[in-house]
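Listing of my_file28.tsv; format and content: TSV, C-alpha atoms.
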chain	number	residue	atom	x	y	z
V	8	MET	CA	123.59	59.50	79.17
V	9	LYS	CA	121.80	60.62	82.36
V	10	GLY	CA	118.59	59.43	84.03
V	11	PRO	CA	116.89	56.03	84.01
V	12	ARG	CA	117.79	53.72	81.11
V	13	VAL	CA	114.18	53.15	80.05
V	14	ASP	CA	112.57	53.21	76.60
V	15	VAL	CA	108.89	52.77	75.74
V	16	ALA	CA	107.52	51.05	72.62
V	17	LEU	CA	103.91	51.41	71.46
V	18	VAL	CA	103.02	48.57	69.09
V	19	HIS	CA	100.32	49.03	66.42
V	20	ALA	CA	101.06	45.65	64.79
V	21	PRO	CA	100.94	42.82	65.56
V	22	VAL	CA	98.15	43.36	68.09
V	23	VAL	CA	94.82	41.59	68.59
V	24	ASN	CA	91.26	42.82	68.14
V	25	ARG	CA	88.26	42.13	70.40
V	26	LYS	CA	87.94	38.62	68.89
V	27	GLY	CA	91.61	37.81	69.42
V	28	GLU	CA	92.46	38.03	65.72
V	29	VAL	CA	95.90	39.46	64.87
V	30	ILE	CA	95.57	42.89	63.27
V	31	GLY	CA	97.31	46.21	62.75
V	32	SER	CA	95.73	49.26	64.39
V	33	ALA	CA	95.81	52.91	63.31
V	34	VAL	CA	98.02	55.46	65.05
V	35	THR	CA	95.98	57.67	67.40
V	36	ASN	CA	97.02	61.30	67.79
V	37	LEU	CA	96.53	61.33	71.56
V	38	ASP	CA	98.60	58.15	72.00
V	39	LEU	CA	101.51	60.15	70.62
V	40	HIS	CA	100.83	63.20	72.83
V	41	ASP	CA	99.77	61.64	76.13
V	42	ILE	CA	102.39	58.91	76.22
V	43	ALA	CA	105.16	61.29	75.07
V	44	ARG	CA	104.21	63.72	77.86
V	45	ALA	CA	104.29	60.89	80.42
V	46	CYS	CA	107.64	59.68	78.99
V	47	ARG	CA	109.08	63.17	79.25
V	48	THR	CA	107.79	63.56	82.82
V	49	PHE	CA	109.31	60.29	84.01
V	50	GLY	CA	112.63	60.59	82.18
V	51	VAL	CA	112.13	57.98	79.44
V	52	HIS	CA	114.93	58.13	76.85
V	53	THR	CA	113.12	57.16	73.62
V	54	TYR	CA	109.44	56.55	72.85
V	55	TRP	CA	109.25	54.14	69.89
V	56	VAL	CA	106.03	54.31	67.87
V	57	ILE	CA	105.82	51.11	65.86
V	58	THR	CA	103.72	50.63	62.74
V	59	PRO	CA	104.50	48.60	59.63
V	60	PHE	CA	102.23	50.83	57.52
V	61	ALA	CA	104.27	53.42	55.60
V	62	ARG	CA	101.35	55.84	55.28
V	63	GLN	CA	100.80	55.71	59.04
V	64	ARG	CA	104.46	56.47	59.64
V	65	GLU	CA	104.19	59.39	57.20
V	66	LEU	CA	101.08	60.72	58.99
V	67	SER	CA	102.80	60.40	62.38
V	68	SER	CA	105.85	62.27	61.07
V	69	GLN	CA	103.62	65.08	59.85
V	70	ILE	CA	102.01	65.38	63.29
V	71	LEU	CA	105.45	65.47	64.93
V	72	ALA	CA	106.71	68.08	62.45
V	73	HIS	CA	103.88	70.43	63.42
V	74	TRP	CA	105.04	70.39	67.06
V	75	LEU	CA	108.79	70.11	66.50
V	76	THR	CA	109.38	72.62	63.72
V	77	GLY	CA	105.96	73.99	62.63
V	78	HIS	CA	103.50	76.38	64.25
V	79	GLY	CA	103.10	74.18	67.34
V	80	SER	CA	106.78	74.55	68.21
V	81	THR	CA	106.35	78.23	69.06
V	82	ALA	CA	102.69	78.09	70.20
V	83	ASN	CA	103.39	75.32	72.74
V	84	PRO	CA	107.09	74.48	73.08
V	85	ASP	CA	106.44	72.18	76.08
V	86	ARG	CA	104.61	69.83	73.76
V	87	GLY	CA	107.53	69.67	71.34
V	88	GLU	CA	109.85	68.86	74.22
V	89	ALA	CA	107.79	65.72	74.88
V	90	LEU	CA	107.16	64.72	71.25
V	91	ALA	CA	110.89	65.02	70.52
V	92	LEU	CA	111.30	61.68	72.34
V	93	ILE	CA	109.35	59.86	69.59
V	94	ARG	CA	111.02	57.69	66.95
V	95	ILE	CA	108.70	56.18	64.34
V	96	ILE	CA	109.80	52.74	63.26
V	97	ALA	CA	108.39	49.79	61.26
V	98	ASP	CA	108.70	46.91	63.69
V	99	LEU	CA	109.42	46.00	67.28
V	100	GLN	CA	112.49	43.96	66.42
V	101	GLU	CA	114.10	47.10	64.98
V	102	ALA	CA	113.31	49.03	68.17
V	103	ILE	CA	114.78	46.24	70.31
V	104	GLY	CA	117.89	46.27	68.12
V	105	ALA	CA	118.28	50.03	68.42
V	106	ALA	CA	117.80	49.97	72.20
V	107	ARG	CA	120.33	47.12	72.47
V	108	GLN	CA	122.81	49.12	70.39
V	109	LYS	CA	122.35	52.01	72.83
V	110	TRP	CA	122.49	50.02	76.07
V	111	GLY	CA	124.15	46.72	75.28
V	112	ARG	CA	123.10	43.12	75.65
V	113	GLU	CA	121.92	43.56	79.23
V	114	LEU	CA	118.76	45.27	77.88
V	115	ARG	CA	115.60	43.68	79.28
V	116	VAL	CA	112.49	43.76	77.08
V	117	VAL	CA	109.37	43.89	79.25
V	118	ALA	CA	105.86	43.48	77.85
V	119	THR	CA	102.64	44.75	79.47
V	120	CYS	CA	99.37	42.85	79.38
V	121	ALA	CA	95.85	43.23	80.80
V	122	ARG	CA	95.79	39.50	81.55
V	123	THR	CA	98.12	37.64	83.91
V	124	ARG	CA	100.94	35.89	82.04
V	125	PRO	CA	103.03	33.01	83.39
V	126	ASP	CA	106.41	34.76	83.43
V	127	THR	CA	105.95	38.07	85.25
V	128	VAL	CA	108.15	40.49	87.16
V	129	GLU	CA	106.76	42.53	90.07
V	130	TYR	CA	106.59	46.31	89.75
V	131	THR	CA	108.63	46.88	92.91
V	132	GLN	CA	111.32	44.47	91.72
V	133	LEU	CA	111.62	46.03	88.26
V	134	ARG	CA	111.64	49.49	89.86
V	135	ARG	CA	114.59	48.48	92.02
V	136	GLN	CA	116.44	47.03	89.03
V	137	ILE	CA	115.90	50.22	86.99
V	138	GLY	CA	117.14	52.23	89.96
V	139	ALA	CA	120.28	50.11	89.94
V	140	GLY	CA	120.94	50.91	86.27
V	141	GLN	CA	119.18	48.03	84.46
V	142	PRO	CA	118.24	49.15	80.93
V	143	VAL	CA	114.60	48.31	80.08
V	144	LEU	CA	112.38	48.55	77.00
V	145	LEU	CA	108.71	48.62	78.05
V	146	VAL	CA	106.34	47.32	75.36
V	147	PHE	CA	102.69	48.40	75.19
V	148	GLY	CA	100.03	47.18	72.75
V	149	THR	CA	97.22	49.20	71.20
V	150	ALA	CA	93.75	47.78	70.33
V	151	TRP	CA	93.03	44.72	72.55
V	152	GLY	CA	96.71	44.22	73.34
V	153	LEU	CA	99.91	42.66	72.04
V	154	ALA	CA	99.66	39.63	69.72
V	155	PRO	CA	100.85	36.27	71.16
V	156	GLU	CA	103.98	36.30	68.98
V	157	VAL	CA	105.19	39.48	70.71
V	158	PHE	CA	105.43	37.63	74.03
V	159	ASP	CA	107.97	35.30	72.40
V	160	MET	CA	110.17	38.33	71.68
V	161	VAL	CA	110.27	39.69	75.23
V	162	ASP	CA	112.15	38.67	78.39
V	163	THR	CA	109.29	39.09	80.86
V	164	THR	CA	105.88	40.71	81.37
V	165	LEU	CA	104.47	43.06	84.00
V	166	PRO	CA	101.28	41.95	85.78
V	167	PRO	CA	98.00	43.63	84.81
V	168	ILE	CA	97.18	46.88	86.62
V	169	CYS	CA	94.69	45.96	89.32
V	170	GLY	CA	91.99	48.10	90.81
V	171	THR	CA	89.17	47.08	93.06
V	172	GLY	CA	87.47	44.52	90.84
V	173	THR	CA	87.85	42.56	87.64
V	174	TYR	CA	87.31	45.42	85.21
V	175	ASN	CA	90.57	45.83	83.27
V	176	HIS	CA	89.88	48.01	80.29
V	177	LEU	CA	92.21	50.95	80.84
V	178	SER	CA	93.21	52.95	77.78
V	179	VAL	CA	96.80	52.35	76.70
V	180	ARG	CA	97.40	56.04	77.58
V	181	SER	CA	96.28	55.41	81.17
V	182	ALA	CA	98.14	52.09	81.42
V	183	ALA	CA	101.42	53.58	80.15
V	184	SER	CA	101.11	56.54	82.54
V	185	ILE	CA	100.47	54.28	85.54
V	186	VAL	CA	103.27	51.84	84.67
V	187	LEU	CA	105.78	54.69	84.25
V	188	ASP	CA	104.70	56.20	87.57
V	189	ARG	CA	105.01	52.85	89.34
V	190	LEU	CA	108.49	52.26	87.92
V	191	LEU	CA	109.86	55.81	87.90
V	192	GLY	CA	107.63	58.15	89.96
V	193	VAL	CA	109.25	59.84	92.93
V	194	ASN	CA	106.40	61.13	95.15
V	195	GLU	CA	105.59	59.73	98.57
I	1	MET	CA	77.36	51.09	99.09
I	2	LYS	CA	80.49	48.97	98.61
I	3	GLY	CA	84.06	49.88	97.65
I	4	PRO	CA	86.05	53.05	98.27
I	5	ARG	CA	84.03	56.21	98.88
I	6	VAL	CA	85.72	58.21	96.14
I	7	ASP	CA	84.26	60.47	93.45
I	8	VAL	CA	86.13	62.27	90.66
I	9	ALA	CA	85.23	65.69	89.25
I	10	LEU	CA	86.63	67.01	85.96
I	11	VAL	CA	86.27	70.79	85.82
I	12	HIS	CA	85.95	72.60	82.45
I	13	ALA	CA	85.23	75.98	84.10
I	14	PRO	CA	86.61	77.85	85.88
I	15	VAL	CA	90.08	76.80	84.70
I	16	VAL	CA	93.05	78.82	83.47
I	17	ASN	CA	94.68	79.04	80.06
I	18	ARG	CA	98.41	79.18	79.28
I	19	LYS	CA	98.49	82.88	80.27
I	20	GLY	CA	96.73	82.25	83.60
I	21	GLU	CA	93.46	83.85	82.44
I	22	VAL	CA	90.26	82.25	83.78
I	23	ILE	CA	88.40	80.46	80.97
I	24	GLY	CA	86.02	77.62	80.21
I	25	SER	CA	87.39	74.74	78.14
I	26	ALA	CA	85.57	72.40	75.75
I	27	VAL	CA	84.70	68.84	76.73
I	28	THR	CA	87.10	66.35	75.10
I	29	ASN	CA	85.73	62.96	74.05
I	30	LEU	CA	88.75	61.04	75.33
I	31	ASP	CA	88.58	62.78	78.73
I	32	LEU	CA	85.18	61.15	79.13
I	33	HIS	CA	86.38	57.71	77.98
I	34	ASP	CA	89.86	57.45	79.51
I	35	ILE	CA	88.98	58.87	82.91
I	36	ALA	CA	85.73	56.84	83.10
I	37	ARG	CA	87.70	53.66	82.31
I	38	ALA	CA	90.24	54.50	85.03
I	39	CYS	CA	87.40	55.34	87.47
I	40	ARG	CA	85.70	52.02	86.72
I	41	THR	CA	89.00	50.14	87.15
I	42	PHE	CA	89.76	51.70	90.52
I	43	GLY	CA	86.24	51.54	91.95
I	44	VAL	CA	85.30	55.25	91.81
I	45	HIS	CA	81.60	55.78	92.58
I	46	THR	CA	80.71	58.78	90.40
I	47	TYR	CA	82.68	60.68	87.75
I	48	TRP	CA	81.33	64.25	87.63
I	49	VAL	CA	81.91	66.06	84.33
I	50	ILE	CA	81.45	69.75	85.03
I	51	THR	CA	80.69	72.38	82.43
I	52	PRO	CA	78.52	75.49	82.72
I	53	PHE	CA	77.85	75.46	78.97
I	54	ALA	CA	74.46	73.87	78.18
I	55	ARG	CA	75.46	72.92	74.63
I	56	GLN	CA	78.55	71.14	75.95
I	57	ARG	CA	76.43	69.22	78.44
I	58	GLU	CA	74.07	68.28	75.59
I	59	LEU	CA	76.97	67.07	73.42
I	60	SER	CA	78.39	65.05	76.32
I	61	SER	CA	74.99	63.46	76.92
I	62	GLN	CA	74.78	62.47	73.25
I	63	ILE	CA	78.21	60.80	73.46
I	64	LEU	CA	77.16	58.92	76.59
I	65	ALA	CA	73.85	57.83	75.01
I	66	HIS	CA	75.73	56.19	72.12
I	67	TRP	CA	77.60	53.95	74.57
I	68	LEU	CA	74.89	53.47	77.17
I	69	THR	CA	71.82	52.82	75.01
I	70	GLY	CA	72.87	53.22	71.35
I	71	HIS	CA	74.98	51.11	69.00
I	72	GLY	CA	78.03	51.29	71.26
I	73	SER	CA	76.20	49.54	74.09
I	74	THR	CA	76.10	46.26	72.16
I	75	ALA	CA	79.30	46.74	70.11
I	76	ASN	CA	81.43	47.40	73.21
I	77	PRO	CA	79.52	46.88	76.47
I	78	ASP	CA	82.71	47.27	78.57
I	79	ARG	CA	82.84	50.90	77.51
I	80	GLY	CA	79.27	51.53	78.64
I	81	GLU	CA	80.08	50.01	82.01
I	82	ALA	CA	82.72	52.72	82.50
I	83	LEU	CA	80.80	55.64	81.00
I	84	ALA	CA	77.78	54.78	83.20
I	85	LEU	CA	79.73	56.35	86.09
I	86	ILE	CA	79.50	59.81	84.48
I	87	ARG	CA	77.12	62.53	85.69
I	88	ILE	CA	77.16	65.75	83.70
I	89	ILE	CA	76.59	68.80	85.86
I	90	ALA	CA	76.85	72.60	85.56
I	91	ASP	CA	79.19	73.50	88.41
I	92	LEU	CA	81.55	72.09	91.00
I	93	GLN	CA	79.51	73.38	93.93
I	94	GLU	CA	76.60	71.20	92.77
I	95	ALA	CA	78.87	68.14	92.54
I	96	ILE	CA	80.22	68.83	96.04
I	97	GLY	CA	76.63	69.15	97.30
I	98	ALA	CA	75.59	65.87	95.68
I	99	ALA	CA	78.64	64.00	97.02
I	100	ARG	CA	77.96	65.45	100.50
I	101	GLN	CA	74.35	64.32	100.30
I	102	LYS	CA	75.61	60.82	99.48
I	103	TRP	CA	78.38	60.61	102.06
I	104	GLY	CA	77.64	63.24	104.70
I	105	ARG	CA	79.55	66.17	106.07
I	106	GLU	CA	82.76	64.21	106.55
I	107	LEU	CA	83.36	64.44	102.75
I	108	ARG	CA	86.82	65.81	101.97
I	109	VAL	CA	87.20	67.76	98.72
I	110	VAL	CA	90.75	67.33	97.36
I	111	ALA	CA	92.10	69.34	94.44
I	112	THR	CA	94.97	68.34	92.16
I	113	CYS	CA	97.52	70.77	90.79
I	114	ALA	CA	100.69	70.66	88.68
I	115	ARG	CA	102.26	73.25	90.99
I	116	THR	CA	102.99	72.82	94.69
I	117	ARG	CA	100.29	74.46	96.86
I	118	PRO	CA	100.74	75.47	100.50
I	119	ASP	CA	98.12	73.12	102.00
I	120	THR	CA	98.80	69.63	100.68
I	121	VAL	CA	98.11	66.08	101.81
I	122	GLU	CA	100.54	63.25	100.98
I	123	TYR	CA	99.40	60.45	98.65
I	124	THR	CA	100.20	57.74	101.20
I	125	GLN	CA	98.28	59.57	103.91
I	126	LEU	CA	95.16	60.15	101.78
I	127	ARG	CA	95.36	56.51	100.61
I	128	ARG	CA	95.29	55.35	104.24
I	129	GLN	CA	92.35	57.62	105.03
I	130	ILE	CA	90.38	56.33	102.02
I	131	GLY	CA	91.16	52.78	103.11
I	132	ALA	CA	89.72	53.63	106.52
I	133	GLY	CA	86.45	54.81	104.93
I	134	GLN	CA	87.08	58.55	104.44
I	135	PRO	CA	84.85	59.84	101.60
I	136	VAL	CA	86.77	61.94	99.08
I	137	LEU	CA	85.93	64.01	96.01
I	138	LEU	CA	89.02	64.38	93.80
I	139	VAL	CA	88.97	67.51	91.62
I	140	PHE	CA	90.91	67.72	88.34
I	141	GLY	CA	91.16	70.72	86.02
I	142	THR	CA	91.32	70.72	82.22
I	143	ALA	CA	93.31	73.24	80.13
I	144	TRP	CA	96.19	74.68	82.25
I	145	GLY	CA	94.53	73.64	85.50
I	146	LEU	CA	91.96	74.74	88.07
I	147	ALA	CA	91.28	78.47	88.52
I	148	PRO	CA	92.46	80.05	91.80
I	149	GLU	CA	88.87	80.38	93.08
I	150	VAL	CA	88.48	76.57	93.01
I	151	PHE	CA	91.21	76.19	95.61
I	152	ASP	CA	89.04	78.26	97.99
I	153	MET	CA	86.29	75.64	97.64
I	154	VAL	CA	88.42	72.59	98.53
I	155	ASP	CA	89.74	71.19	101.80
I	156	THR	CA	93.24	70.29	100.62
I	157	THR	CA	95.36	69.65	97.51
I	158	LEU	CA	97.51	66.72	96.38
I	159	PRO	CA	101.14	67.51	95.46
I	160	PRO	CA	102.09	67.59	91.78
I	161	ILE	CA	103.03	64.25	90.22
I	162	CYS	CA	106.81	64.20	90.11
I	163	GLY	CA	109.04	62.41	87.66
I	164	THR	CA	112.73	62.77	87.17
I	165	GLY	CA	112.94	66.45	86.37
I	166	THR	CA	110.94	69.64	86.31
I	167	TYR	CA	108.74	68.82	83.29
I	168	ASN	CA	105.16	68.69	84.58
I	169	HIS	CA	102.88	68.73	81.58
I	170	LEU	CA	100.99	65.46	81.91
I	171	SER	CA	97.60	65.25	80.21
I	172	VAL	CA	94.68	65.34	82.64
I	173	ARG	CA	93.94	61.77	81.47
I	174	SER	CA	97.40	60.63	82.58
I	175	ALA	CA	97.28	62.63	85.82
I	176	ALA	CA	93.87	61.25	86.81
I	177	SER	CA	94.99	57.68	86.03
I	178	ILE	CA	98.15	58.04	88.12
I	179	VAL	CA	96.39	59.70	91.06
I	180	LEU	CA	93.70	56.97	91.13
I	181	ASP	CA	96.39	54.27	91.00
I	182	ARG	CA	98.35	55.91	93.81
I	183	LEU	CA	95.27	56.20	96.01
I	184	LEU	CA	93.41	53.01	95.06
I	185	GLY	CA	95.70	50.64	93.09
I	186	VAL	CA	96.34	47.24	94.64
I	187	ASN	CA	99.40	45.79	92.86
I	188	GLU	CA	102.73	45.26	94.56
Please render this file's structure as structure tokens.
Amino acid sequence: MKGPRVDVALVHAPVVNRKGEVIGSAVTNLDLHDIARACRTFGVHTYWVITPFARQRELSSQILAHWLTGHGSTANPDRGEALALIRIIADLQEAIGAARQKWGRELRVVATCARTRPDTVEYTQLRRQIGAGQPVLLVFGTAWGLAPEVFDMVDTTLPPICGTGTYNHLSVRSAASIVLDRLLGVNE
Amino acid sequence: MKGPRVDVALVHAPVVNRKGEVIGSAVTNLDLHDIARACRTFGVHTYWVITPFARQRELSSQILAHWLTGHGSTANPDRGEALALIRIIADLQEAIGAARQKWGRELRVVATCARTRPDTVEYTQLRRQIGAGQPVLLVFGTAWGLAPEVFDMVDTTLPPICGTGTYNHLSVRSAASIVLDRLLGVNE
């Protein structure tokens, strides 16, 4: 298995809403496309789309089928190449288990958060570790972010993406793209 | 005027389609939201949304009004704070003129492209220049990228965003987020 040993998980439940209540969010078409394209660009192995709702998994599978085997596969094959990285799965624990099966017990599960958490790893440090072969599962939350219980399931958390001020309301599509570039991008 | 002297322009025409033909693309709701949120995060001054089609400008204005003065402004004020950076305008030359009026003749107009162009500036170099006060207008294309004639209107071009391989089909939302982070992000 070539390339960086990095997976991405996009969690639709449990996440929190604006009030901090634990909810499940709906799958967004462009979260599938944009994050899959970024994953494909930066050499991510598997992009786990996590929702406990069977109908949402069914809908997501139908979207993928359009691009992988349907009309989209011939109209825009580049898109299928990215979406082929997606695995739709019911919960994060299952994704962690599958990644661990692939890469062994050394797998590190790394959450992302728009607020600073106590136990964080620096981008440059994690980038070095990935470069040295460390397998990593990066976990992103939809809605207003991952529910507190998710942070109990992970090994560490990346610091929030900082710009010039205190505004930190990036879309999860932007956040995932930036995190992948910071960890895996190769430009000077 | 505080913060970096950086504007972003998103061009809907002239751009090219998959076959390389010069076209005009439709405004996409999430291009407004995601790129405005990234602009707000990284301290961009103005986000120019460029389309020659009057009906598209009207539609874009209606979307903005929802978040700036309508129901969205109270339901999610953070979103309005980002979308307030948007100016909708008919062509790139007008945006360049307005940015030049704001920042003077030293303005540098910098295109982005998924293919390597002859005259490019490195990310680290442009980042240093911006840090030293250089005013910059970053130009992004929708669809399959900026039309050839746009490259005649700019001073230089950033190299394509590179990952692990040759796949370079990031969404413009991802590309803009990554470029802004590379030029203006502050994390280690």
* **Counting only C-alpha atoms, chain V residues within 10 Å of chain I, as a count of residues only** => 54
* Asked: Could you pull the residues within 6 Å of Leu114 (chain V), counting only C-alpha atoms, minus those fewer than 3 positions along the same chain, as JSON, numbers by chain?
  -> {"V": [107, 142, 143]}
Next, write the just-selected residues to a file, as a PDB file, in the coordinates of the input, keeping C-alpha atoms as the atom set.
ATOM      1  CA  ARG V 107     120.330  47.120  72.470  1.00  0.00           C
ATOM      2  CA  PRO V 142     118.240  49.150  80.930  1.00  0.00           C
ATOM      3  CA  VAL V 143     114.600  48.310  80.080  1.00  0.00           C
TER       4      VAL V 143
END
Write out, as JSON lines, each residue of region 3-82 of chain I that has an atom at most 12 Å from region 144-151 of chain I, together with the closest pair of atoms and their distance in Å to one decimal, counting only C-alpha atoms, rows going by chain and rising number.
{"residue": "I:Ala9", "atom": "CA", "partner": "I:Leu146", "partner_atom": "CA", "distance": 11.3}
{"residue": "I:Leu10", "atom": "CA", "partner": "I:Leu146", "partner_atom": "CA", "distance": 9.6}
{"residue": "I:Val11", "atom": "CA", "partner": "I:Leu146", "partner_atom": "CA", "distance": 7.3}
{"residue": "I:His12", "atom": "CA", "partner": "I:Leu146", "partner_atom": "CA", "distance": 8.5}
{"residue": "I:Ala13", "atom": "CA", "partner": "I:Ala147", "partner_atom": "CA", "distance": 7.9}
{"residue": "I:Pro14", "atom": "CA", "partner": "I:Ala147", "partner_atom": "CA", "distance": 5.4}
{"residue": "I:Val15", "atom": "CA", "partner": "I:Ala147", "partner_atom": "CA", "distance": 4.3}
{"residue": "I:Val16", "atom": "CA", "partner": "I:Trp144", "partner_atom": "CA", "distance": 5.3}
{"residue": "I:Asn17", "atom": "CA", "partner": "I:Trp144", "partner_atom": "CA", "distance": 5.1}
{"residue": "I:Arg18", "atom": "CA", "partner": "I:Trp144", "partner_atom": "CA", "distance": 5.8}
{"residue": "I:Lys19", "atom": "CA", "partner": "I:Trp144", "partner_atom": "CA", "distance": 8.7}
{"residue": "I:Gly20", "atom": "CA", "partner": "I:Trp144", "partner_atom": "CA", "distance": 7.7}
{"residue": "I:Glu21", "atom": "CA", "partner": "I:Ala147", "partner_atom": "CA", "distance": 8.4}
{"residue": "I:Val22", "atom": "CA", "partner": "I:Ala147", "partner_atom": "CA", "distance": 6.1}
{"residue": "I:Ile23", "atom": "CA", "partner": "I:Ala147", "partner_atom": "CA", "distance": 8.3}
{"residue": "I:Gly24", "atom": "CA", "partner": "I:Ala147", "partner_atom": "CA", "distance": 9.9}
{"residue": "I:Ser25", "atom": "CA", "partner": "I:Trp144", "partner_atom": "CA", "distance": 9.7}
Could you write out that same residue set with C-alpha atoms as a short mmCIF file (atom, residue, chain, number, x, y, z; two decimals), in the frame of the given file?
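What landed in again_31.cif:
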data_model
loop_
_atom_site.label_atom_id
_atom_site.label_comp_id
_atom_site.auth_asym_id
_atom_site.auth_seq_id
_atom_site.Cartn_x
_atom_site.Cartn_y
_atom_site.Cartn_z
CA ALA I 9 85.23 65.69 89.25
CA LEU I 10 86.63 67.01 85.96
CA VAL I 11 86.27 70.79 85.82
CA HIS I 12 85.95 72.60 82.45
CA ALA I 13 85.23 75.98 84.10
CA PRO I 14 86.61 77.85 85.88
CA VAL I 15 90.08 76.80 84.70
CA VAL I 16 93.05 78.82 83.47
CA ASN I 17 94.68 79.04 80.06
CA ARG I 18 98.41 79.18 79.28
CA LYS I 19 98.49 82.88 80.27
CA GLY I 20 96.73 82.25 83.60
CA GLU I 21 93.46 83.85 82.44
CA VAL I 22 90.26 82.25 83.78
CA ILE I 23 88.40 80.46 80.97
CA GLY I 24 86.02 77.62 80.21
CA SER I 25 87.39 74.74 78.14
#
Exercise on region 53-62 of chain I, axis-aligned box with 3 Å per side, report centre and edge lengths in Å to one decimal, as JSON:
{"center_x": 76.3, "center_y": 69.0, "center_z": 76.1, "size_x": 10.5, "size_y": 19.0, "size_z": 11.7}
* Asked: Gln69 (chain V): which residues within 12 Å, counting all atoms listed in the file, same-chain residues fewer than 6 positions away excluded, as a PyMOL selection string?
  -> chain V and resi 36+62-63+75-77+79+90+95
* Asked: Out of V:Thr164, V:Thr149, V:Gln100, V:Gln108, which residue has the shortest atom-to-atom distance to Arg122 (chain V) when counting only C-alpha atoms?
  -> V:Thr164
* Could you please determine the separation between CA of Asp155 (chain I) and CA of Val110 (chain I) in Å, to one decimal place? => 6.0 Å
Take the point (72.8, 69.1, 79.8) in the file's coordinates, draw a sphere of radius 12 Å around it, and report as a compact mmCIF listing (two decimals) with C-alpha atoms, keeping the file's coordinate frame every protein, DNA or RNA residue with an atom inside or on it, counting all atoms listed in the file.
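Output file part25.txt is given in full below:
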# COMPACT_ATOMS: atom_id res chain seq x y z
CA VAL I 49 81.91 66.06 84.33
CA ILE I 50 81.45 69.75 85.03
CA THR I 51 80.69 72.38 82.43
CA PRO I 52 78.52 75.49 82.72
CA PHE I 53 77.85 75.46 78.97
CA ALA I 54 74.46 73.87 78.18
CA ARG I 55 75.46 72.92 74.63
CA GLN I 56 78.55 71.14 75.95
CA ARG I 57 76.43 69.22 78.44
CA GLU I 58 74.07 68.28 75.59
CA LEU I 59 76.97 67.07 73.42
CA SER I 60 78.39 65.05 76.32
CA SER I 61 74.99 63.46 76.92
CA GLN I 62 74.78 62.47 73.25
CA ILE I 63 78.21 60.80 73.46
CA LEU I 64 77.16 58.92 76.59
CA ARG I 87 77.12 62.53 85.69
CA ILE I 88 77.16 65.75 83.70
CA ILE I 89 76.59 68.80 85.86
CA ALA I 90 76.85 72.60 85.56
CA ASP I 91 79.19 73.50 88.41
* **Computed interatomic separation between CA of Gly104 (chain I) and CA of Arg5 (chain I) (Å)** =>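 Between these atoms lies a distance of 11.1 Å.
Computed from the coordinates, the CA of Thr35 (chain V) to CA of Phe140 (chain I) distance equals 23.8 Å.
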* Which of these residues is nearest to Thr112 (chain I), using only C-alpha atoms: I:Leu138, I:Ala26, I:Ile86, I:Ala95? ->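 Of the candidates, the smallest distance to Thr112 (chain I) is held by I:Leu138.
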* To do: Skip Leu92 (chain V) itself and residues of its chain fewer than 6 positions away, then list as a list in words all residues within 7 Å of it, counting only C-alpha atoms.
  =>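 The residues satisfying every condition are Ala43, His52, Thr53 and Tyr54 of chain V.
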* Which is closest to Lys102 (chain I) among I:Leu183, I:Leu137, I:Ala65, I:Val27, if we use all atoms listed in the file? ->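 With all atoms listed in the file as the atom set, the closest residue is I:Leu137.
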